[in-house]
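S.K.: The structure is given below, and queries will be raised subsequently.
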Amino acid sequence: MKIIPGPASKELGEKIAKLTRAEVVPVYFKTFPDGESYIRFEAESLQDEDAVIVQTTGPPQDQRLVQLLLMADNAQDMKAKSITAVVPYFA
């Protein structure tokens, strides 16, 4: 299992990883001047791994939800065996 902490829940994701003794996948996040978000996982592969994405959807809700969806799409592209979203605050 690999824990992927989203930009809005980095600290919580790292705590969950520590408690579960799971590996943390570092996430590179950037917002372009036009508001577009870019997210990249700093991992070679998620193939055959259970990916757990931790991302709150607190304000700004629309931006946080888009980030969550981008991370799920990225995990799917990297061939994760399963993708689970942990959303501690679902706005």
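Ordered as shown in the structure tokens, chains take letters A, B, and onward, while each chain numbers its residues from 1 and ligands are numbered from 1 in the order shown.
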Any chance you could list, as a list in words, the residues in chain A that come up strand (DSSP E or B) when DSSP is run on the backbone?
M.R.: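 Taking chain A and keeping strand (DSSP E or B) gives Lys2, Ile3, Ile4, Pro5, Glu23, Val24, Val27, Tyr28, Phe29, Lys30, Thr31, Ser37, Tyr38, Ile39, Arg40, Phe41, Gln47, Asp50, Ala51, Val52, Ile53, Val54, Ala80, Ser82, Ile83, Thr84, Ala85 and Val86 of chain A.
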S.K.: As a list in words, please: the residues near A:Ile83 (cut-off 8 Å, only C-alpha atoms, same-chain neighbours under 6 positions excluded).
M.R.: Asp50, Ala51, Val52, Ile53, Ala72, Ala75 and Gln76 of chain A
S.K.: Could those selected residues go to a file with N, CA and C atoms, as a tab-separated table (two decimals), in the first residue's frame?
M.R.:
chain	number	residue	atom	x	y	z
A	50	ASP	N	-1.72	-0.90	-3.98
A	50	ASP	CA	-2.95	-0.26	-3.53
A	50	ASP	C	-2.61	1.19	-3.22
A	51	ALA	N	-3.23	2.12	-3.93
A	51	ALA	CA	-2.98	3.54	-3.74
A	51	ALA	C	-4.08	4.15	-2.88
A	52	VAL	N	-3.67	4.86	-1.83
A	52	VAL	CA	-4.61	5.55	-0.95
A	52	VAL	C	-4.33	7.04	-1.04
A	53	ILE	N	-5.27	7.78	-1.60
A	53	ILE	CA	-5.11	9.22	-1.78
A	53	ILE	C	-5.82	9.92	-0.62
A	72	ALA	N	-6.30	10.81	-8.69
A	72	ALA	CA	-6.89	9.50	-8.99
A	72	ALA	C	-6.59	9.10	-10.43
A	75	ALA	N	-2.94	8.07	-10.64
A	75	ALA	CA	-2.74	6.73	-10.06
A	75	ALA	C	-3.22	5.66	-11.03
A	76	GLN	N	-4.32	5.91	-11.71
A	76	GLN	CA	-4.82	4.95	-12.70
A	76	GLN	C	-3.84	4.82	-13.87
S.K.: Skipping near chain neighbours, those fewer than 6 positions away, what residues fall within 9 Å of A:Thr57 using only C-alpha atoms, listed as a ChimeraX atom specification?
M.R.: /A:8,63-65,68,87-91
S.K.: With a distance cut-off of 8 Å and only C-alpha atoms, select the neighbouring residues of A:Val24, excluding the residue or stretch itself and same-chain residues fewer than 3 positions from it, and output the selection as a ChimeraX atom specification.
M.R.: /A:2-5,13-14,17
S.K.: Restricting the calculation to only C-alpha atoms, which member of A:Gln67, A:Gln61, A:Asn74, A:Ser82 is positioned closest to A:Glu49?
M.R.: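 For A:Glu49, the nearest of the given residues is A:Ser82.
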S.K.: Which polymer residues have any atom within 8 Å of an atom of stretch 33-42 of chain A, counting only C-alpha atoms, with same-chain residues fewer than 6 positions away left out, as a PDB file with C-alpha atoms, in the first residue's frame?
M.R.:
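After the write, around37.pdb holds the following:
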ATOM      1  CA  VAL A  25       4.506   8.897  -2.452  1.00  0.00           C
ATOM      2  CA  PRO A  26       5.741  12.494  -2.671  1.00  0.00           C
ATOM      3  CA  VAL A  27       3.511  14.727  -4.788  1.00  0.00           C
ATOM      4  CA  GLN A  67      -6.853  17.987  -7.346  1.00  0.00           C
ATOM      5  CA  LEU A  70      -6.264  14.555 -11.012  1.00  0.00           C
ATOM      6  CA  MET A  71      -4.465  12.383  -8.440  1.00  0.00           C
ATOM      7  CA  ASN A  74      -2.608   9.847 -12.277  1.00  0.00           C
TER       8      ASN A  74
END
S.K.: Hey, can you check how far atom CA of A:Val54 sits from atom CA of A:Gly6?
M.R.: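 Straight-line distance from atom CA of A:Val54 to atom CA of A:Gly6 works out to 5.7 Å.
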S.K.: Write out as JSON, numbers by chain all residues of stretch 9-82 of chain A that DSSP puts in helix (DSSP H, G or I) for this structure's backbone.
M.R.: {"A": [10, 11, 12, 13, 14, 15, 16, 17, 18, 19, 20, 61, 62, 63, 64, 65, 66, 67, 68, 69, 70, 71, 72, 73, 74, 75, 76, 77]}
S.K.: Which one is closest to A:Ala85: A:Ser45, A:Gln55, A:Glu23, A:Leu12? Count only C-alpha atoms.
M.R.: A:Gln55
S.K.: Env of A:Leu46: 7 Å cut, atoms = only C-alpha atoms, seq-sep filter 6 positions within chain, self excluded. Answer as a list in words.
M.R.: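 These residues fall inside the cut-off: Ala75, Met78, Lys79 and Ala80 of chain A.
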S.K.: Export, as a PDB file, in the first residue's frame, the selected residues with C-alpha atoms.
M.R.:
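Produced file selection-v4.pdb, reproduced below:
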ATOM      1  CA  ALA A  75      -2.742   6.732 -10.064  1.00  0.00           C
ATOM      2  CA  MET A  78       0.452   4.493 -13.249  1.00  0.00           C
ATOM      3  CA  LYS A  79      -1.408   1.140 -13.107  1.00  0.00           C
ATOM      4  CA  ALA A  80      -2.345   1.113  -9.411  1.00  0.00           C
TER       5      ALA A  80
END
S.K.: By how many Å are atom CA of A:Phe29 and atom CA of A:Asp73 apart?
M.R.: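 Separation of atom CA of A:Phe29 and atom CA of A:Asp73: 14.5 Å.
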S.K.: How many Å lie between atom CA of A:Gln47 and atom CA of A:Lys81, rounded to one decimal?
M.R.: 6.4 Å
